[in-house]
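Participant: This is the structure, below, for whatever I ask next.
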Amino acid sequence: MTPRRIAVLGAGGFLGSHLVAALLKRFGATIHAVDVDFRKLDTADPRIVTTRARVEEPALVRDVIERADLVISLTALCNPALYAKSPLEVIDASYTHLVPLVEACSRARVRLIHFSTAEVYGRLAVDASARPTVEMHEDASALLLGPVHLERWSYACAKQLLERVIWAHGAHRGLEFSIVRPFNVIGPRMDYLPGVDGEGIPRVLPCFIGALLAGRDLALVDGGKQRRSFMSTEDLAEAVCLLVERREAARGQIFNVGNPDNDVSIEELAVRLAAAFRAYVPDAPAPRLRAVSSKEFYGEGYDDSERRVPDITKARTLLGWTPRHSLAEMVPLIMEDYLRRYSSLLSRGPGAAVRAPAPGSARDGVRASTS
């Protein structure tokens, strides 16, 4: 049965804004969009009903449950720069504030699709006997977090605990749920640029692009040897739409959603972005890469995963989902988006002189230079 009323919590964020657009295109449903900021979401469609609120506000959960056949929850503070600096806020946003929502969905028999994170796997992929593996598997991998004093794991621990709460409500109280573990989704409208439309340290991709636009060095934390499997917003949205459609297959399941074919180091990502930038701004100074320690960049309490590669067998088998977009395809489109949105706002650096590019204007050159 296709849901007629879908509530999306975190609808105004990076992932939420892409997901709402995909849901509107795919289903004839009313979308109850909940967030504190809707600048990234086009709310002109009459099928979108917005509520500007925080998920911890007591009346919100009741309002969401009354309006929805399906709840999709994306809310969290998912920025590594915050995990050690604001761990209590991170834990509350990723666990404490969401427990009442889970309980309410369970009582009202409302289906819940919850966004967790690949961070729950921890430092590296290991099996149930703690033997290293290449890929991370939803039902077979152990979850290997660092020690308590390394507060970088506050986010992963909070997300893991909420997964266990959701699972218990499903096993013992009849909650219909599916859990999504996204692996490093990238795309247009990701995060912010410090000093332009936000403060602090954004996630890695906007951090690199911000440095390119401002003419700064690209900082490689601990040398940038960590590896990630990057996935497009389009592939993520397609996976969630299939979760909605294939209700019985998705019931009570945890799904990795990522692209193992896009497994690259952070250093390689920086090189690809720098090449894409220079394809648009050939007269800009050659970007420089600079290694920095995690302590220097993030402060005390930071730790990291060595590599994250998802096993996506379950999503392929149960949902019929396969990611389609390569990193070579994604990088030019993302660079185009950032140049279009930010170049005119910057007062100095090579990006200040960049005109908004015509769609696809430098894409072939970027592909050639980053293959």
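In the structure tokens, each chain is lettered A, B, ... as it comes, each chain's residues begin at 1, and ligands are numbered from 1 in order of appearance.
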Using only C-alpha atoms, which residues sit within 9 Å of Asp261 (chain A) once same-chain residues fewer than 3 positions away are excluded, as a ChimeraX atom specification?

Facilitator: /A:229-230,264,309,323,326-327

Participant: If you keep all heavy atoms, can you produce a file of those selected residues as an mmCIF file, in the first residue's frame?

Facilitator:
```
data_model
loop_
_atom_site.group_PDB
_atom_site.id
_atom_site.type_symbol
_atom_site.label_atom_id
_atom_site.label_comp_id
_atom_site.auth_asym_id
_atom_site.auth_seq_id
_atom_site.Cartn_x
_atom_site.Cartn_y
_atom_site.Cartn_z
ATOM 1 N N SER A 229 33.597 5.357 1.031
ATOM 2 C CA SER A 229 32.853 4.958 -0.168
ATOM 3 C C SER A 229 31.753 5.989 -0.392
ATOM 4 O O SER A 229 30.727 5.966 0.295
ATOM 5 C CB SER A 229 32.251 3.562 0.022
ATOM 6 O OG SER A 229 33.267 2.606 0.238
ATOM 7 N N PHE A 230 31.954 6.874 -1.341
ATOM 8 C CA PHE A 230 31.042 7.994 -1.541
ATOM 9 C C PHE A 230 29.871 7.609 -2.444
ATOM 10 O O PHE A 230 30.032 6.876 -3.418
ATOM 11 C CB PHE A 230 31.804 9.183 -2.137
ATOM 12 C CG PHE A 230 32.812 9.764 -1.186
ATOM 13 C CD1 PHE A 230 34.156 9.422 -1.283
ATOM 14 C CD2 PHE A 230 32.415 10.621 -0.176
ATOM 15 C CE1 PHE A 230 35.082 9.941 -0.397
ATOM 16 C CE2 PHE A 230 33.342 11.142 0.719
ATOM 17 C CZ PHE A 230 34.668 10.805 0.612
ATOM 18 N N VAL A 264 37.511 5.503 -2.162
ATOM 19 C CA VAL A 264 38.733 6.278 -2.415
ATOM 20 C C VAL A 264 39.237 6.857 -1.100
ATOM 21 O O VAL A 264 38.507 6.937 -0.110
ATOM 22 C CB VAL A 264 38.491 7.433 -3.415
ATOM 23 C CG1 VAL A 264 38.067 6.902 -4.775
ATOM 24 C CG2 VAL A 264 37.470 8.419 -2.876
ATOM 25 N N VAL A 309 33.648 0.406 3.743
ATOM 26 C CA VAL A 309 33.136 -0.146 2.482
ATOM 27 C C VAL A 309 31.886 -0.956 2.815
ATOM 28 O O VAL A 309 31.954 -1.905 3.594
ATOM 29 C CB VAL A 309 34.174 -1.048 1.778
ATOM 30 C CG1 VAL A 309 33.609 -1.581 0.461
ATOM 31 C CG2 VAL A 309 35.475 -0.291 1.543
ATOM 32 N N PRO A 323 23.417 1.102 -6.695
ATOM 33 C CA PRO A 323 23.874 2.482 -6.916
ATOM 34 C C PRO A 323 24.450 2.620 -8.324
ATOM 35 O O PRO A 323 25.104 1.709 -8.821
ATOM 36 C CB PRO A 323 24.945 2.675 -5.840
ATOM 37 C CG PRO A 323 25.434 1.298 -5.535
ATOM 38 C CD PRO A 323 24.256 0.385 -5.713
ATOM 39 N N SER A 326 28.979 7.182 -10.406
ATOM 40 C CA SER A 326 30.389 7.117 -10.057
ATOM 41 C C SER A 326 30.852 8.451 -9.490
ATOM 42 O O SER A 326 30.225 9.499 -9.697
ATOM 43 C CB SER A 326 31.224 6.771 -11.291
ATOM 44 O OG SER A 326 31.226 7.861 -12.203
ATOM 45 N N LEU A 327 31.991 8.415 -8.821
ATOM 46 C CA LEU A 327 32.561 9.644 -8.290
ATOM 47 C C LEU A 327 32.940 10.598 -9.427
ATOM 48 O O LEU A 327 32.796 11.825 -9.303
ATOM 49 C CB LEU A 327 33.781 9.316 -7.428
ATOM 50 C CG LEU A 327 34.290 10.416 -6.502
ATOM 51 C CD1 LEU A 327 33.223 10.851 -5.515
ATOM 52 C CD2 LEU A 327 35.530 9.937 -5.759
#
```

Participant: From the DSSP assignment of the backbone, select every residue of region 200-292 of chain A that is strand (DSSP E), and format the answer as a PyMOL selection string.

Facilitator: chain A and resi 218-221+227-229+231-232+253-257+263-265+289-292

Participant: Include C-alpha atoms and write out the residues we just selected as a short mmCIF file (atom, residue, chain, number, x, y, z; two decimals), in the first residue's frame.

Facilitator:
```cif
data_model
loop_
_atom_site.label_atom_id
_atom_site.label_comp_id
_atom_site.auth_asym_id
_atom_site.auth_seq_id
_atom_site.Cartn_x
_atom_site.Cartn_y
_atom_site.Cartn_z
CA LEU A 218 43.28 21.77 1.38
CA ALA A 219 43.85 20.33 4.85
CA LEU A 220 44.30 16.56 4.93
CA VAL A 221 43.57 15.35 8.45
CA ARG A 227 39.15 5.73 2.88
CA ARG A 228 35.44 6.30 2.28
CA SER A 229 32.85 4.96 -0.17
CA MET A 231 27.47 7.81 -2.82
CA SER A 232 25.22 10.26 -4.65
CA GLN A 253 15.46 -4.92 8.27
CA ILE A 254 18.64 -2.84 8.52
CA PHE A 255 20.10 -1.77 5.17
CA ASN A 256 23.53 -0.52 4.19
CA VAL A 257 23.07 2.14 1.52
CA ASP A 263 35.98 3.61 -2.41
CA VAL A 264 38.73 6.28 -2.42
CA SER A 265 41.03 7.96 0.07
CA LEU A 289 47.40 19.86 -0.15
CA ARG A 290 48.64 20.17 3.44
CA ALA A 291 48.71 17.43 6.06
CA VAL A 292 47.45 18.39 9.53
#
```

Participant: How close does each residue of region 210-260 of chain A get to region 191-198 of chain A, giving the shortest atom pair and distance in Å to one decimal for every residue with an atom at most 12 Å away, counting only C-alpha atoms, sorted by chain and residue number, as a tab-separated table?

Facilitator:
```
residue	atom	partner	partner_atom	distance
A:Gly210	CA	A:Leu193	CA	5.7
A:Ala211	CA	A:Leu193	CA	9.0
A:Leu212	CA	A:Leu193	CA	11.1
A:Leu213	CA	A:Leu193	CA	9.7
A:Ala214	CA	A:Leu193	CA	10.0
```

Participant: Using C-alpha atoms, can you export the residues from the last selection as a short mmCIF file (atom, residue, chain, number, x, y, z; two decimals), in the first residue's frame?

Facilitator:
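The resulting file, again_17.cif, is reproduced below:
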```
data_model
loop_
_atom_site.label_atom_id
_atom_site.label_comp_id
_atom_site.auth_asym_id
_atom_site.auth_seq_id
_atom_site.Cartn_x
_atom_site.Cartn_y
_atom_site.Cartn_z
CA GLY A 210 35.39 26.17 0.61
CA ALA A 211 39.19 26.11 0.69
CA LEU A 212 39.34 26.01 -3.12
CA LEU A 213 36.99 28.98 -3.47
CA ALA A 214 38.93 31.01 -0.92
#
```

Participant: May I ask which of the residues A:Phe277, A:Phe14, A:Tyr302, A:Phe27 is the closest one to Ala81 (chain A), counting only C-alpha atoms?

Facilitator: A:Tyr302

Participant: Could you pull the residues within 7 Å of region 105-120 of chain A, counting only C-alpha atoms, minus those fewer than 4 positions along the same chain, as number ranges by chain?

Facilitator: A: 65, 69-74, 101, 143, 156-157, 159-160, 169, 173-183

Participant: If I take CA of Leu77 (chain A) and CA of Arg203 (chain A), how far is one from the other in Å, to one decimal?

Facilitator: 11.5 Å

Participant: Any idea what's packed within 10 Å of Leu41 (chain A), counting only C-alpha atoms, ignoring anything in its chain fewer than 5 positions away? Could you give it as an MDAnalysis selection string?

Facilitator: chainID A and resid 11:14 16:21 33 189

Participant: Pick out the residues sitting within 9 Å of Ala68 (chain A), and hand them over as an NGL selection string; count only C-alpha atoms, and ignore anything fewer than 3 positions along from it in its own chain.

Facilitator: :A and (3-7 or 30-32 or 63-65 or 71 or 110-111)

Participant: How would the residues just chosen look if you wrote them out with N, CA and C atoms as a PDB file, in the first residue's frame?

Facilitator:
```
ATOM      1  N   PRO A   3       1.813   4.890   0.860  1.00  0.00           N
ATOM      2  CA  PRO A   3       1.365   5.827   1.897  1.00  0.00           C
ATOM      3  C   PRO A   3       0.799   7.095   1.279  1.00  0.00           C
ATOM      4  N   ARG A   4      -0.242   7.620   1.907  1.00  0.00           N
ATOM      5  CA  ARG A   4      -0.857   8.863   1.428  1.00  0.00           C
ATOM      6  C   ARG A   4      -0.282  10.077   2.138  1.00  0.00           C
ATOM      7  N   ARG A   5       0.250   9.862   3.347  1.00  0.00           N
ATOM      8  CA  ARG A   5       0.781  10.972   4.142  1.00  0.00           C
ATOM      9  C   ARG A   5       2.124  10.552   4.720  1.00  0.00           C
ATOM     10  N   ILE A   6       3.180  11.232   4.290  1.00  0.00           N
ATOM     11  CA  ILE A   6       4.532  10.902   4.731  1.00  0.00           C
ATOM     12  C   ILE A   6       5.088  12.077   5.525  1.00  0.00           C
ATOM     13  N   ALA A   7       5.529  11.820   6.744  1.00  0.00           N
ATOM     14  CA  ALA A   7       6.204  12.841   7.544  1.00  0.00           C
ATOM     15  C   ALA A   7       7.711  12.642   7.397  1.00  0.00           C
ATOM     16  N   THR A  30       0.999  13.467   0.373  1.00  0.00           N
ATOM     17  CA  THR A  30       1.259  14.731   1.057  1.00  0.00           C
ATOM     18  C   THR A  30       2.487  14.553   1.937  1.00  0.00           C
ATOM     19  N   ILE A  31       3.402  15.508   1.871  1.00  0.00           N
ATOM     20  CA  ILE A  31       4.617  15.447   2.672  1.00  0.00           C
ATOM     21  C   ILE A  31       4.513  16.440   3.811  1.00  0.00           C
ATOM     22  N   HIS A  32       4.564  15.944   5.049  1.00  0.00           N
ATOM     23  CA  HIS A  32       4.660  16.818   6.222  1.00  0.00           C
ATOM     24  C   HIS A  32       6.144  17.011   6.498  1.00  0.00           C
ATOM     25  N   ASP A  63       1.671  15.675  16.772  1.00  0.00           N
ATOM     26  CA  ASP A  63       1.256  16.252  15.493  1.00  0.00           C
ATOM     27  C   ASP A  63       1.718  15.390  14.333  1.00  0.00           C
ATOM     28  N   VAL A  64       2.970  14.906  14.392  1.00  0.00           N
ATOM     29  CA  VAL A  64       3.517  14.072  13.325  1.00  0.00           C
ATOM     30  C   VAL A  64       2.738  12.769  13.203  1.00  0.00           C
ATOM     31  N   ILE A  65       2.509  12.116  14.319  1.00  0.00           N
ATOM     32  CA  ILE A  65       1.819  10.824  14.302  1.00  0.00           C
ATOM     33  C   ILE A  65       0.395  10.966  13.780  1.00  0.00           C
ATOM     34  N   VAL A  71       6.518   7.589   8.779  1.00  0.00           N
ATOM     35  CA  VAL A  71       7.459   8.593   9.298  1.00  0.00           C
ATOM     36  C   VAL A  71       8.859   8.226   8.826  1.00  0.00           C
ATOM     37  N   VAL A 110       2.383   3.184  13.448  1.00  0.00           N
ATOM     38  CA  VAL A 110       2.794   3.957  12.282  1.00  0.00           C
ATOM     39  C   VAL A 110       4.165   3.466  11.840  1.00  0.00           C
ATOM     40  N   ARG A 111       4.291   3.200  10.567  1.00  0.00           N
ATOM     41  CA  ARG A 111       5.560   2.691  10.041  1.00  0.00           C
ATOM     42  C   ARG A 111       6.658   3.742  10.178  1.00  0.00           C
TER      43      ARG A 111
END
```

Participant: Quick one: of A:Met190, A:Leu145, A:Leu124, A:Leu318, who's nearest to Glu248 (chain A), counting only C-alpha atoms?

Facilitator: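 Of A:Met190, A:Leu145, A:Leu124, A:Leu318, the one nearest Glu248 (chain A), counting only C-alpha atoms, is A:Leu318.
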